[in-house]
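Just below is one structure, and these are the notes that go with it.
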Amino acid sequence: MENRDEKLWQLAGKRAAFKGKIVSYVAVTTFLWAVWYFNGQRTTDNGIPWPAWVSLGWGFGLVIGYIKLYHMNTTDQIEKEYEKLKNRS
């Protein structure tokens, strides 16, 4: 096996796992909406279909995960802060 950057390898693994979470989200929410549709389309007291709560909550978690994986590189941020502190001395 060729030499690989360990940080990039770990990031690639996290991103691949995230893609699996998206597939799970689509499959489960599709199933829940189908159950809701074929069981008389009942809503909660405020008129919102019950699968919406699952879709919104889980979807919010996925959005946060996406932002952390693709737009926030914490390793680089830690290294930058370390260099700032080191240069102050």
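FYI, nothing fancy with the structure tokens labels: chains A, B, ... in order, residues from 1 per chain, ligands from 1 as they appear.
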
What's around segment 53-62 of chain A at 9 Å? Count only C-alpha atoms, leave out sequence neighbours fewer than 3 positions away in its own chain, and write the answer as a compact mmCIF listing (two decimals) with C-alpha atoms, in the first residue's frame.
```
# COMPACT_ATOMS: atom_id res chain seq x y z
CA PHE A 18 -21.63 10.68 6.18
CA LYS A 21 -26.07 8.55 6.82
CA ILE A 22 -27.70 10.48 3.98
CA TYR A 25 -32.07 9.39 6.10
CA THR A 29 -37.96 9.29 5.95
CA LEU A 32 -42.21 7.15 7.36
CA ILE A 48 -48.24 19.33 10.92
CA PRO A 49 -47.85 15.73 9.70
CA TRP A 50 -46.00 13.65 12.27
CA GLY A 65 -22.73 17.27 10.17
CA TYR A 66 -22.26 18.45 6.59
CA ILE A 67 -21.03 21.86 7.70
```

As a ChimeraX atom specification, list the residues of segment 14-89 of chain A assigned to alpha helix (DSSP H) by DSSP on the backbone atoms of this structure.
-> /A:14-38,50-71,74-88

Name the closest residue to Tyr37 of chain A among the candidates A:Gln77, A:Pro51, A:Leu11, A:Ser24; distances are taken between atoms, counting only C-alpha atoms.
-> A:Pro51

Among the residues A:Val26, A:Gln41, A:Gly47, A:Leu69, the one that comes closest to Gly13 of chain A [using only C-alpha atoms] = A:Leu69

Quote the spacing between atom CA of Trp9 of chain A and atom CA of Thr75 of chain A in Å to one decimal place.
-> 13.5 Å

Can you tell me how far atom CA of Leu8 of chain A sits from atom CA of Ile64 of chain A, in Å to one decimal?
-> 20.5 Å

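The gap separating atom CA of Phe38 of chain A from atom CA of Val23 of chain A is 22.6 Å, in Å to one decimal.
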
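Using only C-alpha atoms, the shortest contact distance between Ala52 of chain A and any of A:Gln10, A:Thr30, A:Asn3, A:Thr74 is found at A:Thr30.
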
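Proximity ranking of A:Phe31, A:Lys14, A:Asp5, A:Asp45 relative to Lys68 of chain A places A:Lys14 first, based on only C-alpha atoms.
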